[in-house]
$ cat target.pdb   # PDB, C-alpha atoms, pLDDT in the B column
ATOM      1  CA  GLY A 200     -14.546  29.831  39.260  1.00 34.00           C
ATOM      2  CA  GLU A 201     -17.569  28.561  37.360  1.00 37.00           C
ATOM      3  CA  ASN A 202     -20.366  27.215  39.497  1.00 34.00           C
ATOM      4  CA  VAL A 203     -21.671  24.738  36.978  1.00 35.00           C
ATOM      5  CA  GLY A 204     -20.953  21.937  39.417  1.00 37.00           C
ATOM      6  CA  LEU A 205     -23.591  23.047  41.936  1.00 46.00           C
ATOM      7  CA  HIS A 206     -26.672  20.871  42.379  1.00 59.00           C
ATOM      8  CA  LEU A 207     -25.080  18.060  40.390  1.00 79.00           C
ATOM      9  CA  PRO A 208     -24.555  14.440  41.344  1.00 90.00           C
ATOM     10  CA  THR A 209     -20.982  14.051  42.495  1.00 93.00           C
ATOM     11  CA  LEU A 210     -18.617  11.135  42.151  1.00 95.00           C
ATOM     12  CA  SER A 211     -15.482  11.172  44.290  1.00 96.00           C
ATOM     13  CA  VAL A 212     -12.679   8.749  43.506  1.00 96.00           C
ATOM     14  CA  GLN A 213      -9.061   8.224  44.392  1.00 97.00           C
ATOM     15  CA  GLU A 214      -6.370   8.760  41.801  1.00 97.00           C
ATOM     16  CA  GLY A 215      -5.718   5.517  39.974  1.00 97.00           C
ATOM     17  CA  ASP A 216      -9.198   4.109  40.535  1.00 97.00           C
ATOM     18  CA  ASN A 217     -11.607   3.457  37.693  1.00 97.00           C
ATOM     19  CA  SER A 218     -14.583   5.805  37.444  1.00 97.00           C
ATOM     20  CA  ILE A 219     -18.030   5.056  36.090  1.00 97.00           C
ATOM     21  CA  ILE A 220     -20.388   7.884  35.274  1.00 96.00           C
ATOM     22  CA  ASN A 221     -23.954   7.020  34.393  1.00 95.00           C
ATOM     23  CA  CYS A 222     -26.575   8.716  32.293  1.00 94.00           C
ATOM     24  CA  ALA A 223     -30.205   7.879  31.622  1.00 93.00           C
ATOM     25  CA  TYR A 224     -31.622   9.235  28.399  1.00 90.00           C
ATOM     26  CA  SER A 225     -35.249   9.767  27.601  1.00 85.00           C
ATOM     27  CA  ASN A 226     -35.778   9.529  23.848  1.00 86.00           C
ATOM     28  CA  SER A 227     -35.948   5.982  22.548  1.00 87.00           C
ATOM     29  CA  ALA A 228     -35.489   7.388  19.029  1.00 87.00           C
ATOM     30  CA  SER A 229     -32.074   8.830  19.884  1.00 88.00           C
ATOM     31  CA  ASP A 230     -29.449   7.303  17.662  1.00 88.00           C
ATOM     32  CA  TYR A 231     -26.274   9.141  18.538  1.00 89.00           C
ATOM     33  CA  PHE A 232     -24.728   9.823  21.917  1.00 92.00           C
ATOM     34  CA  ILE A 233     -21.769  11.892  23.026  1.00 93.00           C
ATOM     35  CA  TRP A 234     -19.944  12.393  26.289  1.00 95.00           C
ATOM     36  CA  TYR A 235     -18.548  15.836  27.006  1.00 96.00           C
ATOM     37  CA  LYS A 236     -16.157  17.000  29.707  1.00 97.00           C
ATOM     38  CA  GLN A 237     -16.341  20.510  31.106  1.00 96.00           C
ATOM     39  CA  GLU A 238     -13.509  21.811  33.215  1.00 95.00           C
ATOM     40  CA  SER A 239     -13.959  24.841  35.398  1.00 91.00           C
ATOM     41  CA  GLY A 240     -14.018  28.032  33.371  1.00 88.00           C
ATOM     42  CA  LYS A 241     -14.118  26.257  30.042  1.00 92.00           C
ATOM     43  CA  GLY A 242     -16.686  25.091  27.534  1.00 94.00           C
ATOM     44  CA  PRO A 243     -17.613  21.416  27.171  1.00 95.00           C
ATOM     45  CA  GLN A 244     -15.124  19.290  25.261  1.00 95.00           C
ATOM     46  CA  PHE A 245     -15.847  16.143  23.278  1.00 93.00           C
ATOM     47  CA  ILE A 246     -14.631  12.901  24.848  1.00 95.00           C
ATOM     48  CA  ILE A 247     -16.194  10.028  22.957  1.00 95.00           C
ATOM     49  CA  ASP A 248     -19.297   9.189  20.963  1.00 93.00           C
ATOM     50  CA  ILE A 249     -21.330   6.118  20.083  1.00 94.00           C
ATOM     51  CA  ARG A 250     -24.009   5.299  17.538  1.00 91.00           C
ATOM     52  CA  SER A 251     -27.108   3.349  18.479  1.00 92.00           C
ATOM     53  CA  ASN A 252     -26.006   0.358  16.409  1.00 92.00           C
ATOM     54  CA  MET A 253     -23.159  -0.198  18.854  1.00 95.00           C
ATOM     55  CA  ASP A 254     -23.093  -1.346  22.487  1.00 96.00           C
ATOM     56  CA  LYS A 255     -19.567  -0.359  23.356  1.00 97.00           C
ATOM     57  CA  ARG A 256     -16.856   1.906  22.112  1.00 97.00           C
ATOM     58  CA  GLN A 257     -13.387   2.426  23.497  1.00 96.00           C
ATOM     59  CA  GLY A 258     -11.056   5.357  23.385  1.00 94.00           C
ATOM     60  CA  GLN A 259      -7.900   6.198  25.219  1.00 93.00           C
ATOM     61  CA  ARG A 260      -8.633   5.365  28.878  1.00 96.00           C
ATOM     62  CA  VAL A 261     -12.351   5.845  28.257  1.00 97.00           C
ATOM     63  CA  THR A 262     -15.105   3.420  27.329  1.00 98.00           C
ATOM     64  CA  VAL A 263     -18.725   4.217  26.588  1.00 97.00           C
ATOM     65  CA  LEU A 264     -21.394   1.568  27.061  1.00 97.00           C
ATOM     66  CA  LEU A 265     -24.876   1.872  25.616  1.00 96.00           C
ATOM     67  CA  ASN A 266     -27.866  -0.135  26.809  1.00 95.00           C
ATOM     68  CA  LYS A 267     -30.778   0.737  24.558  1.00 93.00           C
ATOM     69  CA  THR A 268     -33.154  -1.591  26.365  1.00 94.00           C
ATOM     70  CA  VAL A 269     -33.093   0.507  29.510  1.00 93.00           C
ATOM     71  CA  LYS A 270     -31.983   3.742  27.791  1.00 93.00           C
ATOM     72  CA  HIS A 271     -28.786   3.941  29.761  1.00 94.00           C
ATOM     73  CA  LEU A 272     -25.368   5.239  28.875  1.00 94.00           C
ATOM     74  CA  SER A 273     -22.210   5.012  30.917  1.00 96.00           C
ATOM     75  CA  LEU A 274     -18.712   6.427  30.698  1.00 97.00           C
ATOM     76  CA  GLN A 275     -15.877   4.464  32.197  1.00 98.00           C
ATOM     77  CA  ILE A 276     -12.572   6.176  32.872  1.00 98.00           C
ATOM     78  CA  ALA A 277      -9.646   3.910  33.608  1.00 97.00           C
ATOM     79  CA  ALA A 278      -6.888   4.891  36.021  1.00 97.00           C
ATOM     80  CA  THR A 279      -8.530   8.202  36.857  1.00 97.00           C
ATOM     81  CA  GLN A 280      -6.166  11.147  37.155  1.00 96.00           C
ATOM     82  CA  PRO A 281      -6.549  14.523  38.899  1.00 96.00           C
ATOM     83  CA  GLY A 282      -6.816  16.109  35.454  1.00 96.00           C
ATOM     84  CA  ASP A 283     -10.009  14.147  34.922  1.00 97.00           C
ATOM     85  CA  SER A 284     -11.749  16.238  37.578  1.00 97.00           C
ATOM     86  CA  ALA A 285     -14.555  18.020  35.747  1.00 96.00           C
ATOM     87  CA  VAL A 286     -18.266  17.930  35.057  1.00 95.00           C
ATOM     88  CA  TYR A 287     -19.267  15.227  32.584  1.00 96.00           C
ATOM     89  CA  PHE A 288     -22.334  15.519  30.375  1.00 94.00           C
ATOM     90  CA  CYS A 289     -23.999  12.978  28.196  1.00 94.00           C
ATOM     91  CA  ALA A 290     -25.858  14.213  25.130  1.00 92.00           C
ATOM     92  CA  GLU A 291     -28.365  12.379  22.957  1.00 90.00           C
ATOM     93  CA  THR A 292     -29.468  13.148  19.423  1.00 85.00           C
ATOM     94  CA  GLY A 293     -32.389  11.674  17.537  1.00 76.00           C
ATOM     95  CA  GLY A 294     -34.809  12.938  14.931  1.00 65.00           C
ATOM     96  CA  SER A 295     -33.621  16.515  15.094  1.00 66.00           C
ATOM     97  CA  TYR A 296     -29.863  16.797  15.019  1.00 70.00           C
ATOM     98  CA  ILE A 297     -29.824  19.115  17.996  1.00 81.00           C
ATOM     99  CA  PRO A 298     -28.333  17.275  20.984  1.00 87.00           C
ATOM    100  CA  THR A 299     -30.112  17.245  24.316  1.00 88.00           C
ATOM    101  CA  PHE A 300     -27.764  17.387  27.264  1.00 91.00           C
ATOM    102  CA  GLY A 301     -28.115  15.620  30.574  1.00 89.00           C
ATOM    103  CA  ARG A 302     -27.720  17.454  33.862  1.00 88.00           C
ATOM    104  CA  GLY A 303     -24.122  16.424  34.310  1.00 92.00           C
ATOM    105  CA  THR A 304     -22.059  14.641  36.940  1.00 94.00           C
ATOM    106  CA  SER A 305     -19.232  16.245  38.839  1.00 94.00           C
ATOM    107  CA  LEU A 306     -16.176  13.997  39.074  1.00 97.00           C
ATOM    108  CA  ILE A 307     -13.694  14.776  41.848  1.00 96.00           C
ATOM    109  CA  VAL A 308     -10.398  12.934  41.808  1.00 96.00           C
ATOM    110  CA  HIS A 309      -8.424  12.917  45.026  1.00 95.00           C
ATOM    111  CA  PRO A 310      -4.632  12.593  44.712  1.00 90.00           C
TER     112      PRO A 310
ATOM    113  CA  LYS B1128      -6.446  25.721  13.918  1.00 63.00           C
ATOM    114  CA  ALA B1129      -8.157  28.311  16.123  1.00 79.00           C
ATOM    115  CA  GLY B1130     -11.039  27.151  18.275  1.00 93.00           C
ATOM    116  CA  VAL B1131     -14.406  28.740  18.806  1.00 97.00           C
ATOM    117  CA  THR B1132     -13.993  32.289  20.071  1.00 97.00           C
ATOM    118  CA  GLN B1133     -16.600  34.058  22.143  1.00 98.00           C
ATOM    119  CA  THR B1134     -16.618  37.672  23.192  1.00 97.00           C
ATOM    120  CA  PRO B1135     -16.931  39.173  25.671  1.00 98.00           C
ATOM    121  CA  ARG B1136     -15.933  36.579  28.268  1.00 97.00           C
ATOM    122  CA  TYR B1137     -17.552  38.431  31.140  1.00 97.00           C
ATOM    123  CA  LEU B1138     -20.100  41.189  31.315  1.00 97.00           C
ATOM    124  CA  ILE B1139     -22.397  42.787  33.846  1.00 98.00           C
ATOM    125  CA  LYS B1140     -25.681  44.377  32.896  1.00 98.00           C
ATOM    126  CA  THR B1141     -28.684  45.727  34.736  1.00 98.00           C
ATOM    127  CA  ARG B1142     -32.298  44.694  34.362  1.00 98.00           C
ATOM    128  CA  GLY B1143     -33.970  46.126  31.306  1.00 98.00           C
ATOM    129  CA  GLN B1144     -30.783  46.527  29.321  1.00 98.00           C
ATOM    130  CA  GLN B1145     -29.918  44.512  26.261  1.00 98.00           C
ATOM    131  CA  VAL B1146     -26.803  42.566  25.428  1.00 98.00           C
ATOM    132  CA  THR B1147     -25.112  41.230  22.303  1.00 98.00           C
ATOM    133  CA  LEU B1148     -22.734  38.299  22.416  1.00 98.00           C
ATOM    134  CA  SER B1149     -20.448  37.289  19.593  1.00 98.00           C
ATOM    135  CA  CYS B1150     -19.164  33.945  18.399  1.00 98.00           C
ATOM    136  CA  SER B1151     -16.570  33.097  15.769  1.00 98.00           C
ATOM    137  CA  PRO B1152     -16.747  29.430  14.802  1.00 96.00           C
ATOM    138  CA  ILE B1153     -13.899  27.199  13.760  1.00 94.00           C
ATOM    139  CA  SER B1154     -12.862  27.935  10.195  1.00 93.00           C
ATOM    140  CA  GLY B1155     -14.926  25.824   7.809  1.00 89.00           C
ATOM    141  CA  HIS B1156     -17.729  25.169  10.275  1.00 89.00           C
ATOM    142  CA  ARG B1157     -21.038  26.428   8.989  1.00 88.00           C
ATOM    143  CA  SER B1158     -23.334  25.423  11.831  1.00 90.00           C
ATOM    144  CA  VAL B1159     -23.387  27.539  14.983  1.00 94.00           C
ATOM    145  CA  SER B1160     -25.474  26.706  18.025  1.00 94.00           C
ATOM    146  CA  TRP B1161     -26.071  28.676  21.197  1.00 97.00           C
ATOM    147  CA  TYR B1162     -26.713  27.247  24.646  1.00 97.00           C
ATOM    148  CA  GLN B1163     -27.562  28.758  28.001  1.00 97.00           C
ATOM    149  CA  GLN B1164     -25.957  27.094  30.992  1.00 95.00           C
ATOM    150  CA  THR B1165     -27.184  27.630  34.540  1.00 91.00           C
ATOM    151  CA  PRO B1166     -26.705  25.548  37.693  1.00 84.00           C
ATOM    152  CA  GLY B1167     -30.417  24.898  37.952  1.00 79.00           C
ATOM    153  CA  GLN B1168     -31.265  24.060  34.333  1.00 81.00           C
ATOM    154  CA  GLY B1169     -28.016  22.738  32.938  1.00 86.00           C
ATOM    155  CA  LEU B1170     -27.337  23.216  29.227  1.00 92.00           C
ATOM    156  CA  GLN B1171     -30.396  24.532  27.437  1.00 94.00           C
ATOM    157  CA  PHE B1172     -30.499  24.867  23.654  1.00 94.00           C
ATOM    158  CA  LEU B1173     -31.276  28.379  22.377  1.00 96.00           C
ATOM    159  CA  PHE B1174     -30.962  28.215  18.590  1.00 94.00           C
ATOM    160  CA  GLU B1175     -28.900  26.909  15.721  1.00 92.00           C
ATOM    161  CA  TYR B1176     -27.859  28.663  12.529  1.00 93.00           C
ATOM    162  CA  PHE B1177     -26.598  27.300   9.268  1.00 90.00           C
ATOM    163  CA  SER B1178     -25.754  29.413   6.233  1.00 89.00           C
ATOM    164  CA  GLU B1179     -27.263  32.516   7.812  1.00 93.00           C
ATOM    165  CA  THR B1180     -30.592  30.757   8.457  1.00 93.00           C
ATOM    166  CA  GLN B1181     -32.017  29.782  11.804  1.00 93.00           C
ATOM    167  CA  ARG B1182     -32.776  26.102  11.441  1.00 88.00           C
ATOM    168  CA  ASN B1183     -33.752  25.216  14.988  1.00 88.00           C
ATOM    169  CA  LYS B1184     -34.963  27.132  17.985  1.00 92.00           C
ATOM    170  CA  GLY B1185     -35.261  26.119  21.598  1.00 93.00           C
ATOM    171  CA  ASN B1186     -37.955  27.030  24.060  1.00 93.00           C
ATOM    172  CA  PHE B1187     -36.881  30.550  24.974  1.00 96.00           C
ATOM    173  CA  PRO B1188     -38.892  33.785  24.816  1.00 97.00           C
ATOM    174  CA  GLY B1189     -38.626  36.153  21.892  1.00 96.00           C
ATOM    175  CA  ARG B1190     -36.284  38.378  23.893  1.00 98.00           C
ATOM    176  CA  PHE B1191     -33.586  35.946  22.822  1.00 98.00           C
ATOM    177  CA  SER B1192     -32.590  36.313  19.216  1.00 97.00           C
ATOM    178  CA  GLY B1193     -29.637  35.602  17.020  1.00 97.00           C
ATOM    179  CA  ARG B1194     -28.216  35.868  13.592  1.00 97.00           C
ATOM    180  CA  GLN B1195     -25.424  34.485  11.487  1.00 97.00           C
ATOM    181  CA  PHE B1196     -23.313  36.338   8.982  1.00 97.00           C
ATOM    182  CA  SER B1197     -21.986  35.193   5.631  1.00 95.00           C
ATOM    183  CA  ASN B1198     -18.619  34.352   7.212  1.00 94.00           C
ATOM    184  CA  SER B1199     -20.450  32.033   9.675  1.00 94.00           C
ATOM    185  CA  ARG B1200     -19.793  34.318  12.632  1.00 97.00           C
ATOM    186  CA  SER B1201     -22.834  34.553  14.844  1.00 98.00           C
ATOM    187  CA  GLU B1202     -24.297  36.923  17.374  1.00 98.00           C
ATOM    188  CA  MET B1203     -27.012  36.483  19.919  1.00 98.00           C
ATOM    189  CA  ASN B1204     -28.982  39.259  21.521  1.00 98.00           C
ATOM    190  CA  VAL B1205     -31.012  39.357  24.687  1.00 98.00           C
ATOM    191  CA  SER B1206     -33.290  42.326  25.121  1.00 97.00           C
ATOM    192  CA  THR B1207     -34.988  43.616  28.262  1.00 97.00           C
ATOM    193  CA  LEU B1208     -32.704  41.628  30.515  1.00 98.00           C
ATOM    194  CA  GLU B1209     -34.106  39.884  33.570  1.00 97.00           C
ATOM    195  CA  LEU B1210     -32.289  38.625  36.643  1.00 97.00           C
ATOM    196  CA  GLY B1211     -32.939  35.072  35.509  1.00 96.00           C
ATOM    197  CA  ASP B1212     -30.936  35.650  32.338  1.00 97.00           C
ATOM    198  CA  SER B1213     -27.739  35.505  34.369  1.00 97.00           C
ATOM    199  CA  ALA B1214     -25.933  32.514  32.944  1.00 96.00           C
ATOM    200  CA  LEU B1215     -23.016  31.237  30.938  1.00 97.00           C
ATOM    201  CA  TYR B1216     -23.848  31.496  27.245  1.00 98.00           C
ATOM    202  CA  LEU B1217     -22.027  28.946  25.171  1.00 97.00           C
ATOM    203  CA  CYS B1218     -21.543  28.918  21.452  1.00 97.00           C
ATOM    204  CA  ALA B1219     -20.711  25.715  19.597  1.00 95.00           C
ATOM    205  CA  SER B1220     -19.772  25.144  16.001  1.00 93.00           C
ATOM    206  CA  SER B1221     -20.042  22.020  13.945  1.00 89.00           C
ATOM    207  CA  PHE B1222     -19.081  20.785  10.521  1.00 82.00           C
ATOM    208  CA  LEU B1223     -22.647  19.618  10.060  1.00 68.00           C
ATOM    209  CA  SER B1224     -23.801  20.288   6.532  1.00 59.00           C
ATOM    210  CA  THR B1225     -27.122  18.463   6.306  1.00 57.00           C
ATOM    211  CA  GLY B1226     -29.734  17.363   8.795  1.00 52.00           C
ATOM    212  CA  GLY B1227     -29.878  14.031  10.552  1.00 48.00           C
ATOM    213  CA  TRP B1228     -26.397  13.889  11.992  1.00 52.00           C
ATOM    214  CA  ALA B1229     -25.274  16.180  14.781  1.00 54.00           C
ATOM    215  CA  GLY B1230     -21.672  15.170  14.955  1.00 71.00           C
ATOM    216  CA  GLU B1231     -19.318  16.661  17.443  1.00 83.00           C
ATOM    217  CA  LEU B1232     -19.919  20.138  18.771  1.00 90.00           C
ATOM    218  CA  PHE B1233     -16.908  22.332  19.416  1.00 93.00           C
ATOM    219  CA  PHE B1234     -17.645  24.765  22.224  1.00 96.00           C
ATOM    220  CA  GLY B1235     -16.192  28.123  23.025  1.00 97.00           C
ATOM    221  CA  GLU B1236     -15.361  29.095  26.596  1.00 96.00           C
ATOM    222  CA  GLY B1237     -18.574  31.036  26.935  1.00 97.00           C
ATOM    223  CA  SER B1238     -19.717  34.511  27.853  1.00 98.00           C
ATOM    224  CA  ARG B1239     -20.580  34.879  31.517  1.00 97.00           C
ATOM    225  CA  LEU B1240     -23.500  37.307  31.837  1.00 98.00           C
ATOM    226  CA  THR B1241     -24.503  38.723  35.196  1.00 97.00           C
ATOM    227  CA  VAL B1242     -27.706  40.732  35.405  1.00 97.00           C
ATOM    228  CA  LEU B1243     -28.078  43.001  38.431  1.00 97.00           C
TER     229      LEU B1243
END
$ encode --input "target.pdb" --output "structure tokens"
Amino acid sequence: GENVGLHLPTLSVQEGDNSIINCAYSNSASDYFIWYKQESGKGPQFIIDIRSNMDKRQGQRVTVLLNKTVKHLSLQIAATQPGDSAVYFCAETGGSYIPTFGRGTSLIVHP
Amino acid sequence: KAGVTQTPRYLIKTRGQQVTLSCSPISGHRSVSWYQQTPGQGLQFLFEYFSETQRNKGNFPGRFSGRQFSNSRSEMNVSTLELGDSALYLCASSFLSTGGWAGELFFGEGSRLTVL
């Protein structure tokens, strides 16, 4: 399979637990943030986004929190399922509309 | 609605050769971006095209080039391949029409290039 998970921070959780994936961004001018999920052998897929004028945004089982003071973004997944196992990337956009991606976090969900 | 389609999915080349990768964006999407993904460097931006014009370019050597056709389909070319070019090349399309708002990128499944 794809080896995009190598050299990445890894978060291991039990099925049913809540997961929190963190991301530090670098550009204080970034005004739009997206979380992507990449399953093995596939391209990244949009999960949820947030604008800089918001602190929190909720989706289905997912919540994104934005702390602009410390330039920190987090993704919370409620009741994590085996199908959530993937690599998760945060992406920031500011100035230019080309997103910059973080290194990614590998989430492993144990049944 | 068909997603982003990339061809070929897998290919093996030798050093010094050149390669062309193809990307068909989602119908109606006019912006196409290319990314290189490696375990060591993560997702690195190559270039972005809109209406057949390259609007943004990442920090890659001139061996990496691309183009976009009038139907928004895009190709990228890598000449004089090096071992370090082995990577997953991802294409993403977007409904972006003007600057200042990236919006959601829709990625294809990528073209896995191995250089021997």
$ atom_distance --input "target.pdb" --atom1 "CA of Asn217 in chain A" --atom2 "CA of Lys236 in chain A"
16.4 Å
$ resolve_selection --input "target.pdb" --expression "the ChimeraX specification (/A :<8) & /B" --output "PyMOL selection string"
chain B and resi 1164-1172+1183+1217+1226-1229+1231-1237
$ residues_around --input "target.pdb" --residues "Thr209 in chain A" --least-positions-apart "4" --cutoff "8 Å" --atoms "all atoms listed in the file" --output "MDAnalysis selection string"
chainID A and resid 304:307
$ atom_distance --input "target.pdb" --atom1 "CA of Asp283 in chain A" --atom2 "CA of Gly258 in chain A"
14.5 Å
$ atom_distance --input "target.pdb" --atom1 "CA of Gly1130 in chain B" --atom2 "CA of Ser251 in chain A"
28.7 Å
$ resolve_selection --input "target.pdb" --expression "the PyMOL selection byres ((chain B and resi 1139) around 6)" --output "number ranges by chain"
B: 1138, 1140, 1240-1242
$ residues_around --input "target.pdb" --residues "Thr268 in chain A" --least-positions-apart "6" --cutoff "12 Å" --atoms "all atoms listed in the file" --output "PyMOL selection string"
chain A and resi 223-228+251+254
$ resolve_selection --input "target.pdb" --expression "the PyMOL selection byres ((chain B and resi 1198-1207) around 8)" --output "tab-separated table (two decimals) with C-alpha atoms, in the coordinates of the input"
chain	number	residue	atom	x	y	z
B	1142	ARG	CA	-32.30	44.69	34.36
B	1143	GLY	CA	-33.97	46.13	31.31
B	1144	GLN	CA	-30.78	46.53	29.32
B	1145	GLN	CA	-29.92	44.51	26.26
B	1146	VAL	CA	-26.80	42.57	25.43
B	1147	THR	CA	-25.11	41.23	22.30
B	1148	LEU	CA	-22.73	38.30	22.42
B	1149	SER	CA	-20.45	37.29	19.59
B	1150	CYS	CA	-19.16	33.94	18.40
B	1151	SER	CA	-16.57	33.10	15.77
B	1152	PRO	CA	-16.75	29.43	14.80
B	1156	HIS	CA	-17.73	25.17	10.28
B	1157	ARG	CA	-21.04	26.43	8.99
B	1158	SER	CA	-23.33	25.42	11.83
B	1159	VAL	CA	-23.39	27.54	14.98
B	1161	TRP	CA	-26.07	28.68	21.20
B	1177	PHE	CA	-26.60	27.30	9.27
B	1178	SER	CA	-25.75	29.41	6.23
B	1179	GLU	CA	-27.26	32.52	7.81
B	1190	ARG	CA	-36.28	38.38	23.89
B	1191	PHE	CA	-33.59	35.95	22.82
B	1192	SER	CA	-32.59	36.31	19.22
B	1193	GLY	CA	-29.64	35.60	17.02
B	1194	ARG	CA	-28.22	35.87	13.59
B	1195	GLN	CA	-25.42	34.48	11.49
B	1196	PHE	CA	-23.31	36.34	8.98
B	1197	SER	CA	-21.99	35.19	5.63
B	1208	LEU	CA	-32.70	41.63	30.52
B	1209	GLU	CA	-34.11	39.88	33.57
$ residues_near_point --input "target.pdb" --point "(-13.7, 7.8, 26.2)" --cutoff "7 Å" --atoms "all atoms listed in the file" --output "VMD selection string"
chain A and resid 246 to 247 257 to 263 274 276
$ decode --input "target.pdb" --residues "range 241-302 of chain A" --atoms "C-alpha atoms" --output "mmCIF file, in the first residue's frame"
data_model
loop_
_atom_site.group_PDB
_atom_site.id
_atom_site.type_symbol
_atom_site.label_atom_id
_atom_site.label_comp_id
_atom_site.auth_asym_id
_atom_site.auth_seq_id
_atom_site.Cartn_x
_atom_site.Cartn_y
_atom_site.Cartn_z
ATOM 1 C CA LYS A 241 -6.271 7.336 -2.188
ATOM 2 C CA GLY A 242 -5.944 11.079 -2.547
ATOM 3 C CA PRO A 243 -6.739 13.448 0.326
ATOM 4 C CA GLN A 244 -10.425 14.065 0.955
ATOM 5 C CA PHE A 245 -12.002 17.156 2.479
ATOM 6 C CA ILE A 246 -13.348 16.735 6.011
ATOM 7 C CA ILE A 247 -14.119 20.169 7.384
ATOM 8 C CA ASP A 248 -12.995 23.765 7.055
ATOM 9 C CA ILE A 249 -12.963 26.907 9.169
ATOM 10 C CA ARG A 250 -12.441 30.596 8.504
ATOM 11 C CA SER A 251 -10.249 32.722 10.735
ATOM 12 C CA ASN A 252 -13.243 34.670 12.030
ATOM 13 C CA MET A 253 -14.449 31.525 13.774
ATOM 14 C CA ASP A 254 -13.093 29.569 16.751
ATOM 15 C CA LYS A 255 -15.060 26.392 16.318
ATOM 16 C CA ARG A 256 -16.985 24.574 13.668
ATOM 17 C CA GLN A 257 -18.819 21.287 13.912
ATOM 18 C CA GLY A 258 -19.634 18.675 11.353
ATOM 19 C CA GLN A 259 -20.880 15.151 11.589
ATOM 20 C CA ARG A 260 -18.771 13.541 14.341
ATOM 21 C CA VAL A 261 -15.993 16.053 13.701
ATOM 22 C CA THR A 262 -15.184 19.401 15.273
ATOM 23 C CA VAL A 263 -12.429 21.798 14.300
ATOM 24 C CA LEU A 264 -11.064 24.262 16.837
ATOM 25 C CA LEU A 265 -8.950 27.248 15.877
ATOM 26 C CA ASN A 266 -6.738 29.162 18.291
ATOM 27 C CA LYS A 267 -5.268 32.087 16.394
ATOM 28 C CA THR A 268 -3.346 33.351 19.400
ATOM 29 C CA VAL A 269 -1.048 30.348 19.412
ATOM 30 C CA LYS A 270 -1.603 29.427 15.739
ATOM 31 C CA HIS A 271 -3.047 26.059 16.582
ATOM 32 C CA LEU A 272 -5.699 23.975 14.915
ATOM 33 C CA SER A 273 -7.230 20.763 16.153
ATOM 34 C CA LEU A 274 -9.567 18.140 14.758
ATOM 35 C CA GLN A 275 -11.752 16.221 17.143
ATOM 36 C CA ILE A 276 -13.379 13.001 16.006
ATOM 37 C CA ALA A 277 -16.129 11.660 18.214
ATOM 38 C CA ALA A 278 -16.721 7.940 18.668
ATOM 39 C CA THR A 279 -13.807 7.005 16.434
ATOM 40 C CA GLN A 280 -14.436 4.096 14.090
ATOM 41 C CA PRO A 281 -12.029 1.754 12.272
ATOM 42 C CA GLY A 282 -12.974 3.525 9.044
ATOM 43 C CA ASP A 283 -11.453 6.686 10.464
ATOM 44 C CA SER A 284 -7.992 5.126 10.259
ATOM 45 C CA ALA A 285 -6.063 7.323 7.840
ATOM 46 C CA VAL A 286 -3.533 10.118 7.634
ATOM 47 C CA TYR A 287 -4.977 13.515 8.525
ATOM 48 C CA PHE A 288 -3.577 16.754 7.137
ATOM 49 C CA CYS A 289 -4.293 20.301 8.077
ATOM 50 C CA ALA A 290 -3.927 22.957 5.395
ATOM 51 C CA GLU A 291 -3.721 26.723 5.776
ATOM 52 C CA THR A 292 -4.353 29.416 3.198
ATOM 53 C CA GLY A 293 -3.548 33.098 3.451
ATOM 54 C CA GLY A 294 -2.501 35.785 1.018
ATOM 55 C CA SER A 295 -2.047 33.428 -1.893
ATOM 56 C CA TYR A 296 -4.927 31.027 -2.274
ATOM 57 C CA ILE A 297 -2.616 28.056 -2.538
ATOM 58 C CA PRO A 298 -2.954 25.936 0.613
ATOM 59 C CA THR A 299 0.104 24.850 2.546
ATOM 60 C CA PHE A 300 -0.203 21.387 4.006
ATOM 61 C CA GLY A 301 1.092 20.165 7.327
ATOM 62 C CA ARG A 302 3.104 16.972 7.628
#
